[in-house]
file model-v5.txt (compact mmCIF, C-alpha atoms and all ligand atoms)
# COMPACT_ATOMS: atom_id res chain seq x y z
CA MET A 1 -7.51 10.46 46.11
CA THR A 2 -4.45 8.73 44.67
CA ARG A 3 -4.64 7.77 41.07
CA ASP A 4 -3.63 4.35 39.93
CA PRO A 5 -0.93 5.12 37.33
CA VAL A 6 -1.97 2.17 35.17
CA ALA A 7 -5.57 3.28 35.03
CA ALA A 8 -4.57 6.90 34.56
CA PHE A 9 -2.40 6.25 31.50
CA ALA A 10 -3.41 3.51 29.16
CA VAL A 11 -0.87 2.49 26.53
CA ASP A 12 -1.87 3.39 23.00
CA THR A 13 -0.60 1.65 19.90
CA LEU A 14 0.15 2.96 16.44
CA GLY A 15 1.20 0.82 13.52
CA GLY A 16 1.59 0.55 9.78
CA VAL A 17 3.61 -0.71 6.86
CA SER A 18 6.71 0.98 5.47
CA MET A 19 10.21 0.13 4.21
CA GLY A 20 9.02 -3.29 3.08
CA THR A 21 8.17 -4.19 6.67
CA THR A 22 5.86 -3.25 9.51
CA TRP A 23 6.28 -0.57 12.17
CA SER A 24 4.67 -0.09 15.55
CA VAL A 25 4.74 2.36 18.42
CA ARG A 26 3.46 1.77 21.94
CA LEU A 27 3.11 5.07 23.70
CA LEU A 28 1.62 6.98 26.56
CA ALA A 29 -0.34 9.78 24.94
CA PRO A 30 -3.27 10.62 27.20
CA GLY A 31 -5.68 12.97 25.51
CA ARG A 32 -3.60 13.19 22.35
CA ASP A 33 -4.86 12.98 18.80
CA LEU A 34 -3.54 9.57 17.74
CA ARG A 35 -4.41 10.16 14.11
CA ARG A 36 -2.13 13.18 14.05
CA LEU A 37 0.71 11.22 15.67
CA HIS A 38 0.20 8.38 13.22
CA ALA A 39 0.40 10.79 10.29
CA ALA A 40 3.59 12.37 11.69
CA VAL A 41 5.25 8.95 11.97
CA GLU A 42 4.15 7.94 8.47
CA ALA A 43 5.51 11.20 7.08
CA ALA A 44 8.91 10.65 8.74
CA LEU A 45 9.12 7.12 7.33
CA THR A 46 8.00 8.20 3.87
CA ARG A 47 10.79 10.79 3.80
CA ILE A 48 13.38 8.15 4.59
CA VAL A 49 12.07 5.82 1.90
CA ALA A 50 11.99 8.66 -0.65
CA GLN A 51 15.62 9.42 0.10
CA MET A 52 17.31 6.13 0.85
CA SER A 53 15.40 3.15 -0.53
CA ASN A 54 17.11 1.20 -3.27
CA TRP A 55 13.74 -0.50 -3.91
CA GLU A 56 12.20 2.82 -5.04
CA PRO A 57 13.49 3.70 -8.51
CA ASP A 58 12.90 7.42 -7.91
CA SER A 59 14.55 7.72 -4.49
CA ASP A 60 17.56 10.01 -4.15
CA LEU A 61 19.71 6.93 -3.59
CA SER A 62 18.45 5.11 -6.71
CA ARG A 63 19.01 8.20 -8.82
CA TYR A 64 22.53 8.50 -7.42
CA ASN A 65 23.20 4.84 -8.20
CA ARG A 66 22.27 5.41 -11.87
CA ALA A 67 24.05 8.75 -12.22
CA ALA A 68 26.86 9.52 -14.61
CA ALA A 69 30.48 9.34 -13.53
CA GLY A 70 31.78 12.64 -12.23
CA SER A 71 28.41 14.04 -11.11
CA TRP A 72 27.93 15.58 -7.66
CA HIS A 73 24.71 15.06 -5.71
CA ARG A 74 23.24 17.26 -2.99
CA LEU A 75 22.11 15.06 -0.09
CA PRO A 76 19.19 15.86 2.22
CA ASP A 77 20.15 15.98 5.92
CA GLU A 78 18.82 12.52 6.75
CA PHE A 79 20.66 10.82 3.88
CA ARG A 80 23.83 12.68 4.84
CA ASP A 81 23.60 11.55 8.48
CA VAL A 82 23.01 7.90 7.56
CA LEU A 83 25.83 7.85 5.02
CA ALA A 84 28.20 9.47 7.53
CA CYS A 85 27.39 6.80 10.11
CA ALA A 86 27.67 4.03 7.49
CA LEU A 87 31.14 5.26 6.53
CA ARG A 88 32.22 5.43 10.17
CA VAL A 89 31.11 1.84 10.79
CA ALA A 90 32.70 0.70 7.51
CA ASP A 91 36.00 2.20 8.60
CA ALA A 92 35.81 0.92 12.19
CA SER A 93 34.87 -2.58 11.02
CA ALA A 94 37.62 -2.61 8.35
CA GLY A 95 35.04 -3.10 5.63
CA ALA A 96 32.94 -5.89 7.17
CA PHE A 97 30.16 -3.33 6.88
CA ASP A 98 30.19 -1.57 3.54
CA PRO A 99 27.42 0.70 2.20
CA THR A 100 28.71 0.17 -1.36
CA VAL A 101 28.03 -3.58 -1.28
CA GLY A 102 24.91 -3.10 -3.49
CA PRO A 103 26.17 -4.79 -6.69
CA LEU A 104 27.04 -7.94 -4.74
CA VAL A 105 23.71 -7.90 -2.88
CA ASP A 106 21.94 -7.78 -6.26
CA ALA A 107 24.17 -10.41 -7.83
CA TRP A 108 23.45 -12.84 -5.01
CA GLY A 109 19.72 -12.30 -5.41
CA PHE A 110 18.93 -10.18 -2.35
CA GLY A 111 18.34 -6.87 -4.10
CA PRO A 112 15.49 -5.46 -6.18
CA PRO A 113 16.38 -7.48 -9.33
CA GLY A 114 15.43 -10.65 -7.42
CA GLY A 115 16.52 -14.26 -7.27
CA CYS A 116 19.37 -15.88 -9.12
CA SER A 117 21.87 -18.61 -8.43
CA GLY A 118 24.75 -16.23 -7.75
CA PRO A 119 27.56 -14.88 -9.92
CA ASP A 120 30.32 -17.07 -11.33
CA ALA A 121 33.88 -16.47 -10.06
CA ALA A 122 34.80 -14.05 -12.85
CA ARG A 123 31.69 -11.92 -12.34
CA GLN A 124 32.17 -11.98 -8.56
CA ALA A 125 35.72 -10.68 -8.98
CA GLU A 126 34.51 -7.99 -11.40
CA LEU A 127 31.79 -6.83 -8.99
CA SER A 128 34.21 -6.84 -6.07
CA GLN A 129 36.27 -4.27 -8.00
CA ARG A 130 33.27 -1.95 -8.09
CA ILE A 131 32.68 -1.88 -4.38
CA GLY A 132 34.60 -0.28 -1.53
CA TRP A 133 33.57 2.43 0.89
CA ARG A 134 36.85 4.22 0.27
CA ARG A 135 35.53 5.10 -3.20
CA VAL A 136 32.87 7.28 -1.54
CA GLU A 137 33.84 10.94 -1.84
CA VAL A 138 31.92 13.74 -0.14
CA ARG A 139 32.39 17.48 0.23
CA ASP A 140 30.65 20.36 1.97
CA ASP A 141 30.62 18.50 5.29
CA GLY A 142 29.06 15.41 3.73
CA HIS A 143 26.25 17.28 1.99
CA GLU A 144 27.54 16.61 -1.50
CA LEU A 145 28.32 13.15 -2.78
CA LEU A 146 30.35 12.27 -5.85
CA GLN A 147 29.33 9.49 -8.20
CA PRO A 148 32.79 8.28 -9.31
CA GLY A 149 31.17 5.89 -11.80
CA ASN A 150 29.38 2.62 -11.15
CA LEU A 151 29.22 3.10 -7.39
CA GLN A 152 26.01 1.66 -5.96
CA LEU A 153 24.91 2.42 -2.43
CA ASP A 154 22.80 0.03 -0.34
CA LEU A 155 21.76 1.38 3.07
CA CYS A 156 19.40 -1.48 3.95
CA ALA A 157 21.63 -2.58 6.83
CA ILE A 158 21.34 0.76 8.62
CA ALA A 159 18.23 2.60 7.38
CA LYS A 160 15.71 0.66 9.46
CA GLY A 161 17.61 1.52 12.61
CA TYR A 162 17.79 5.13 11.53
CA ALA A 163 14.05 5.08 10.87
CA VAL A 164 13.48 3.96 14.47
CA ASP A 165 15.54 6.91 15.74
CA ARG A 166 13.70 9.34 13.47
CA VAL A 167 10.31 8.09 14.63
CA ALA A 168 11.40 8.50 18.25
CA ALA A 169 12.64 12.03 17.50
CA CYS A 170 9.43 12.87 15.69
CA LEU A 171 7.37 11.70 18.69
CA ARG A 172 9.50 13.78 21.04
CA GLU A 173 8.86 16.81 18.81
CA GLU A 174 5.17 16.07 19.25
CA GLY A 175 5.63 16.13 23.02
CA ILE A 176 5.61 12.36 23.54
CA ASP A 177 8.29 11.27 26.02
CA ASN A 178 7.17 7.72 26.78
CA ALA A 179 7.25 5.30 23.88
CA LEU A 180 8.59 2.03 22.53
CA VAL A 181 9.28 2.37 18.80
CA GLU A 182 9.77 -0.56 16.47
CA VAL A 183 10.50 -0.80 12.74
CA GLY A 184 10.97 -4.29 11.30
CA GLY A 185 12.09 -5.67 14.66
CA GLU A 186 14.58 -2.89 15.54
CA LEU A 187 13.57 -1.14 18.77
CA TYR A 188 14.09 2.05 20.75
CA GLY A 189 12.59 2.75 24.16
CA MET A 190 12.27 6.09 25.93
CA GLY A 191 10.59 7.15 29.14
CA ARG A 192 8.36 4.77 31.01
CA ARG A 193 5.47 2.38 30.51
CA ALA A 194 2.04 2.97 32.00
CA ASP A 195 3.08 1.24 35.22
CA GLY A 196 6.07 3.56 35.66
CA ARG A 197 8.61 0.89 34.72
CA ARG A 198 11.03 0.90 31.80
CA TRP A 199 10.02 -0.66 28.49
CA ARG A 200 10.97 -4.34 28.58
CA VAL A 201 11.85 -6.48 25.60
CA LEU A 202 11.84 -10.27 25.73
CA LEU A 203 14.50 -11.62 23.37
CA ASP A 204 14.26 -14.60 21.16
CA ASP A 205 14.46 -17.64 23.46
CA GLU A 206 16.79 -19.60 21.23
CA GLY A 207 20.16 -20.33 22.74
CA ASP A 208 19.37 -19.26 26.27
CA GLU A 209 20.77 -21.32 29.06
CA ALA A 210 18.32 -23.56 30.93
CA GLY A 211 15.35 -21.87 29.29
CA GLU A 212 15.98 -18.58 31.08
CA ALA A 213 14.12 -15.63 29.65
CA ARG A 214 16.37 -12.92 28.27
CA VAL A 215 14.88 -9.53 28.97
CA VAL A 216 16.44 -6.13 28.35
CA GLU A 217 15.07 -2.78 29.42
CA LEU A 218 15.29 0.11 27.00
CA ASP A 219 15.67 3.57 28.49
CA ARG A 220 16.80 6.02 25.83
CA SER A 221 18.46 3.04 24.22
CA ALA A 222 17.98 0.68 21.31
CA ILE A 223 18.37 -2.95 20.33
CA ALA A 224 18.79 -4.08 16.73
CA SER A 225 19.35 -7.53 15.33
CA SER A 226 20.81 -9.08 12.25
CA GLY A 227 21.73 -12.57 11.16
CA ASP A 228 20.54 -15.53 9.23
CA ARG A 229 17.42 -16.17 11.19
CA TRP A 230 14.91 -14.40 8.95
CA HIS A 231 16.57 -13.66 5.62
CA ARG A 232 18.15 -16.46 3.71
CA ARG A 233 17.29 -18.15 0.53
CA ASP A 234 17.96 -21.34 -1.35
CA ASP A 235 20.28 -20.81 -4.32
CA GLY A 236 18.22 -23.31 -6.34
CA ARG A 237 20.80 -26.03 -5.78
CA GLY A 238 19.97 -26.75 -2.18
CA ARG A 239 22.53 -24.37 -0.65
CA MET A 240 21.25 -21.77 1.79
CA LEU A 241 22.60 -18.28 1.17
CA SER A 242 22.81 -15.66 3.89
CA HIS A 243 21.67 -12.13 3.02
CA SER A 244 24.71 -10.84 4.89
CA ILE A 245 27.40 -10.41 2.27
CA ASP A 246 31.08 -10.36 3.19
CA PRO A 247 32.32 -7.46 1.05
CA ARG A 248 35.89 -8.60 1.58
CA GLY A 249 35.25 -11.93 -0.12
CA GLY A 250 32.40 -10.93 -2.41
CA ALA A 251 30.05 -13.71 -1.28
CA PRO A 252 27.39 -14.44 1.35
CA VAL A 253 28.76 -15.16 4.81
CA GLU A 254 29.28 -18.92 5.26
CA ASP A 255 27.67 -20.61 8.25
CA ALA A 256 26.31 -17.23 9.29
CA LEU A 257 25.33 -16.50 12.87
CA ARG A 258 21.65 -17.04 13.42
CA LEU A 259 21.21 -13.88 15.42
CA VAL A 260 23.34 -10.93 16.47
CA SER A 261 21.65 -8.36 18.72
CA VAL A 262 23.33 -5.08 19.63
CA LEU A 263 22.33 -2.72 22.43
CA ALA A 264 23.32 0.91 21.89
CA ASP A 265 22.27 4.49 22.53
CA ASN A 266 20.63 4.72 19.14
CA ALA A 267 19.12 2.23 16.71
CA MET A 268 21.09 3.41 13.68
CA GLU A 269 24.41 2.36 15.17
CA ALA A 270 22.94 -0.78 16.70
CA ASP A 271 21.59 -1.79 13.26
CA ALA A 272 24.84 -1.12 11.42
CA TRP A 273 26.92 -2.92 14.03
CA ALA A 274 24.58 -5.92 14.09
CA THR A 275 25.31 -6.34 10.38
CA ALA A 276 29.04 -5.70 10.74
CA LEU A 277 29.39 -8.25 13.54
CA THR A 278 27.35 -10.83 11.61
CA VAL A 279 29.83 -10.48 8.77
CA MET A 280 32.82 -10.69 11.14
CA GLY A 281 31.41 -13.97 12.43
CA ALA A 282 31.20 -15.80 15.74
CA ARG A 283 34.83 -15.62 16.82
CA ASP A 284 36.14 -12.37 15.32
CA GLY A 285 32.85 -10.56 15.93
CA PHE A 286 32.74 -11.62 19.56
CA ASP A 287 36.37 -10.60 20.21
CA PHE A 288 35.85 -7.29 18.44
CA ALA A 289 32.68 -6.50 20.40
CA CYS A 290 34.36 -7.37 23.73
CA GLY A 291 37.36 -5.21 22.82
CA LYS A 292 35.10 -2.22 22.19
CA ALA A 293 32.97 -2.93 25.30
CA MET A 294 29.91 -3.30 23.06
CA ALA A 295 26.78 -4.97 24.42
CA VAL A 296 26.10 -7.83 22.00
CA ARG A 297 24.39 -11.21 22.07
CA PHE A 298 25.37 -13.83 19.50
CA VAL A 299 23.42 -16.99 18.68
CA ASP A 300 25.32 -19.28 16.31
CA SER A 301 23.89 -21.57 13.64
CA ASP A 302 23.66 -24.42 16.17
CA GLY A 303 21.70 -22.25 18.59
CA ARG A 304 24.57 -21.66 21.01
CA GLU A 305 24.41 -18.32 22.76
CA ARG A 306 27.29 -16.02 23.73
CA MET A 307 26.96 -12.61 25.33
CA THR A 308 29.59 -9.92 25.78
CA PRO A 309 30.06 -8.82 29.40
CA ALA A 310 28.32 -5.53 28.64
CA PHE A 311 25.27 -7.34 27.25
CA ARG A 312 25.12 -9.72 30.20
CA ALA A 313 25.31 -6.75 32.57
CA ALA A 314 22.38 -5.14 30.76
CA LEU A 315 20.04 -8.11 31.19
CA ALA A 316 17.06 -7.29 33.37
CA ALA A 317 16.12 -9.48 36.28
P1 LIG B 1 20.61 -6.28 8.15
O1 LIG B 1 19.40 -7.15 8.18
O2 LIG B 1 20.48 -5.01 8.93
O3 LIG B 1 21.86 -7.02 8.50
O4 LIG B 1 20.77 -5.76 6.66
C1 LIG B 1 20.95 -6.68 5.61
C2 LIG B 1 20.90 -5.97 4.30
O5 LIG B 1 22.00 -5.06 4.21
C3 LIG B 1 21.06 -6.91 3.11
O6 LIG B 1 19.80 -7.33 2.62
C4 LIG B 1 21.80 -6.04 2.11
O7 LIG B 1 20.89 -5.20 1.41
C5 LIG B 1 22.69 -5.20 2.97
N1 LIG B 1 23.99 -5.80 3.28
C6 LIG B 1 24.36 -7.10 3.18
N2 LIG B 1 25.64 -7.28 3.55
C7 LIG B 1 26.09 -6.05 3.94
C8 LIG B 1 27.34 -5.56 4.44
N3 LIG B 1 28.37 -6.37 4.64
N4 LIG B 1 27.44 -4.24 4.72
C9 LIG B 1 26.40 -3.41 4.53
N5 LIG B 1 25.21 -3.80 4.05
C10 LIG B 1 25.03 -5.11 3.77
MG MG B 2 21.73 -4.00 10.23

call {"tool": "encode", "arguments": {"input": "model-v5.txt", "output": "structure tokens"}}
result
Amino acid sequence: MTRDPVAAFAVDTLGGVSMGTTWSVRLLAPGRDLRRLHAAVEAALTRIVAQMSNWEPDSDLSRYNRAAAGSWHRLPDEFRDVLACALRVADASAGAFDPTVGPLVDAWGFGPPGGCSGPDAARQAELSQRIGWRRVEVRDDGHELLQPGNLQLDLCAIAKGYAVDRVAACLREEGIDNALVEVGGELYGMGRRADGRRWRVLLDDEGDEAGEARVVELDRSAIASSGDRWHRRDDGRGRMLSHSIDPRGGAPVEDALRLVSVLADNAMEADAWATALTVMGARDGFDFACGKAMAVRFVDSDGRERMTPAFRAALAA
């Protein structure tokens, strides 16, 4: 008797709330204890929050941000890996991505202190002096981090992607090879669906030509998105502010791209680059991504879509 693969392996779903957003996993786990898998995922996410959230006053990152000048801080492995990647992307993007942008994020009302109308020019200049990824000093292969004084890390632009990768790794450790992992809209797919096909993701339909569906297949790969689409706020005077801050100018990106989606081998890099390219903007970001053969889809504030050749090549039929 041949077994119908769909009937043989139903897709299970796990889900929850973490990192100020929701997470979900669709997986093939026949005969497995879903409660145990759920608990393993929650534990992985809780660890990341406890280390890297700037919304948790007691996280390692928040304690570092408040620490005295000259103090060294031992970083757990996860924090070390995320910071190392953040610094690589900061360098490669010439500071469009900057994990020390925290004071500006707060000043423009997108951090834990909450809403405000934005800093005046003098305060903006003063805060801009405090930031800069080149001020980050590590030793012992990145395991120890110096607080040079007043340096404030913000890993929000990369930690969700990292969380996706960690959840995928945690599932693999549990013997799960077929899953689609999602945290706050960032995705990683591995293995196959119940019907033996790759995990398919239908992208936002804005900007597509002639109403064509944009579908990508994720096979040990990730897609992460950034942009103005979800996170902007009114400054109280009718001006919309983007939550993507240009660290080089000290202010929210003007006329920010609506959506920037990056396909990559892992979600951490996809997440960081989606932010970096949003900050670079429609023209510079597109040229940069093409130059590096990155797979990226841009949707501008008028809804116009542009895809790099690598992204177009990755579209599923
Ligand atoms: P994302 O949605 O991944 O683009 O992340 C946006 C969040 O990252 C913001 O809410 C800030 O906390 C932070 N952020 C904003 N601008 C930058 C930047 N240029 N580089 C790094 N992090 C940023
Ligand atoms: Mg990001």

call {"tool": "residues_near_ligand", "arguments": {"input": "model-v5.txt", "ligand": "ligand MG 2 (chain B)", "cutoff": "12 Å", "atoms": "all atoms listed in the file", "output": "ChimeraX atom specification"}}
result
/A:86,89,96-99,154-163,183-186,223-228,231,243-245,259-262,267-279

call {"tool": "atom_distance", "arguments": {"input": "model-v5.txt", "atom1": "CA of Arg297 (chain A)", "atom2": "CA of Ala317 (chain A)"}}
result
16.5 Å

call {"tool": "closest_residue", "arguments": {"input": "model-v5.txt", "among": "A:Gly249, A:Pro76, A:Gly175, A:Gly142", "to": "ligand LIG 1 (chain B)", "atoms": "all atoms listed in the file"}}
result
A:Gly249

call {"tool": "residues_around", "arguments": {"input": "model-v5.txt", "residues": "Phe298 (chain A)", "least_positions_apart": "5", "cutoff": "12 Å", "atoms": "all atoms listed in the file", "output": "ChimeraX atom specification"}}
result
/A:203-204,206-208,225-229,256-263,274-275,277-278,280-287,289-290,303-308,311-312

call {"tool": "write_last_selection", "arguments": {"input": "model-v5.txt", "atoms": "C-alpha atoms", "output": "CSV table (one decimal), in the frame of the given file"}}
result
chain,number,residue,atom,x,y,z
A,203,LEU,CA,14.5,-11.6,23.4
A,204,ASP,CA,14.3,-14.6,21.2
A,206,GLU,CA,16.8,-19.6,21.2
A,207,GLY,CA,20.2,-20.3,22.7
A,208,ASP,CA,19.4,-19.3,26.3
A,225,SER,CA,19.4,-7.5,15.3
A,226,SER,CA,20.8,-9.1,12.2
A,227,GLY,CA,21.7,-12.6,11.2
A,228,ASP,CA,20.5,-15.5,9.2
A,229,ARG,CA,17.4,-16.2,11.2
A,256,ALA,CA,26.3,-17.2,9.3
A,257,LEU,CA,25.3,-16.5,12.9
A,258,ARG,CA,21.6,-17.0,13.4
A,259,LEU,CA,21.2,-13.9,15.4
A,260,VAL,CA,23.3,-10.9,16.5
A,261,SER,CA,21.6,-8.4,18.7
A,262,VAL,CA,23.3,-5.1,19.6
A,263,LEU,CA,22.3,-2.7,22.4
A,274,ALA,CA,24.6,-5.9,14.1
A,275,THR,CA,25.3,-6.3,10.4
A,277,LEU,CA,29.4,-8.2,13.5
A,278,THR,CA,27.4,-10.8,11.6
A,280,MET,CA,32.8,-10.7,11.1
A,281,GLY,CA,31.4,-14.0,12.4
A,282,ALA,CA,31.2,-15.8,15.7
A,283,ARG,CA,34.8,-15.6,16.8
A,284,ASP,CA,36.1,-12.4,15.3
A,285,GLY,CA,32.8,-10.6,15.9
A,286,PHE,CA,32.7,-11.6,19.6
A,287,ASP,CA,36.4,-10.6,20.2
A,289,ALA,CA,32.7,-6.5,20.4
A,290,CYS,CA,34.4,-7.4,23.7
A,303,GLY,CA,21.7,-22.2,18.6
A,304,ARG,CA,24.6,-21.7,21.0
A,305,GLU,CA,24.4,-18.3,22.8
A,306,ARG,CA,27.3,-16.0,23.7
A,307,MET,CA,27.0,-12.6,25.3
A,308,THR,CA,29.6,-9.9,25.8
A,311,PHE,CA,25.3,-7.3,27.2
A,312,ARG,CA,25.1,-9.7,30.2

call {"tool": "residues_around", "arguments": {"input": "model-v5.txt", "residues": "region 73-75 of chain A", "least_positions_apart": "3", "cutoff": "7 Å", "atoms": "all atoms listed in the file", "output": "PDB file with C-alpha atoms, in the frame of the given file"}}
result
ATOM      1  CA  PHE A  79      20.660  10.820   3.880  1.00  0.00           C
ATOM      2  CA  ARG A  80      23.830  12.680   4.840  1.00  0.00           C
ATOM      3  CA  HIS A 143      26.250  17.280   1.990  1.00  0.00           C
ATOM      4  CA  GLU A 144      27.540  16.610  -1.500  1.00  0.00           C
ATOM      5  CA  LEU A 145      28.320  13.150  -2.780  1.00  0.00           C
ATOM      6  CA  LEU A 146      30.350  12.270  -5.850  1.00  0.00           C
TER       7      LEU A 146
END

call {"tool": "residues_around", "arguments": {"input": "model-v5.txt", "residues": "Arg135 (chain A)", "least_positions_apart": "3", "cutoff": "8 Å", "atoms": "all atoms listed in the file", "output": "NGL selection string"}}
result
:A and (131-132 or 148 or 151)

call {"tool": "atom_distance", "arguments": {"input": "model-v5.txt", "atom1": "CA of Gln152 (chain A)", "atom2": "CA of Ala168 (chain A)"}}
result
29.1 Å

call {"tool": "residues_around", "arguments": {"input": "model-v5.txt", "residues": "region 109-113 of chain A", "least_positions_apart": "2", "cutoff": "10 Å", "atoms": "all atoms listed in the file", "output": "list in words"}}
result
Asn54, Trp55, Glu56, Pro57, Gly102, Pro103, Leu104, Val105, Asp106, Ala107, Gly115, Cys116, Ser117, Gly118, Pro119, Asp154, Cys156, His231, Arg232, Arg233, Asp235, Leu241, Ser242, His243, Ser244 and Ile245 of chain A

call {"tool": "atom_distance", "arguments": {"input": "model-v5.txt", "atom1": "CA of Leu34 (chain A)", "atom2": "CA of Asp81 (chain A)"}}
result
28.7 Å

call {"tool": "closest_residue", "arguments": {"input": "model-v5.txt", "among": "A:Cys85, A:Val11, A:Leu28, A:Ala251", "to": "Val101 (chain A)", "atoms": "only C-alpha atoms"}}
result
A:Ala251

call {"tool": "residues_around", "arguments": {"input": "model-v5.txt", "residues": "Leu315 (chain A)", "least_positions_apart": "3", "cutoff": "10 Å", "atoms": "all atoms listed in the file", "output": "number ranges by chain"}}
result
A: 213-217, 310-312

call {"tool": "closest_residue", "arguments": {"input": "model-v5.txt", "among": "A:Ala222, A:Val164, A:Val296, A:Leu153", "to": "ligand LIG 1 (chain B)", "atoms": "only C-alpha atoms and all ligand atoms"}}
result
A:Leu153

call {"tool": "closest_residue", "arguments": {"input": "model-v5.txt", "among": "A:Ser93, A:Ser18, A:Ser62, A:Ser71", "to": "ligand LIG 1 (chain B)", "atoms": "all atoms listed in the file"}}
result
A:Ser93

call {"tool": "residues_near_point", "arguments": {"input": "model-v5.txt", "point": "(8.1, 12.6, 18.2)", "cutoff": "12 Å", "atoms": "all atoms listed in the file", "output": "NGL selection string"}}
result
:A and (25 or 27-29 or 36-44 or 164-181 or 190)

call {"tool": "closest_residue", "arguments": {"input": "model-v5.txt", "among": "A:Val136, A:Arg32, A:Glu78, A:Leu127", "to": "Tyr64 (chain A)", "atoms": "all atoms listed in the file"}}
result
A:Val136
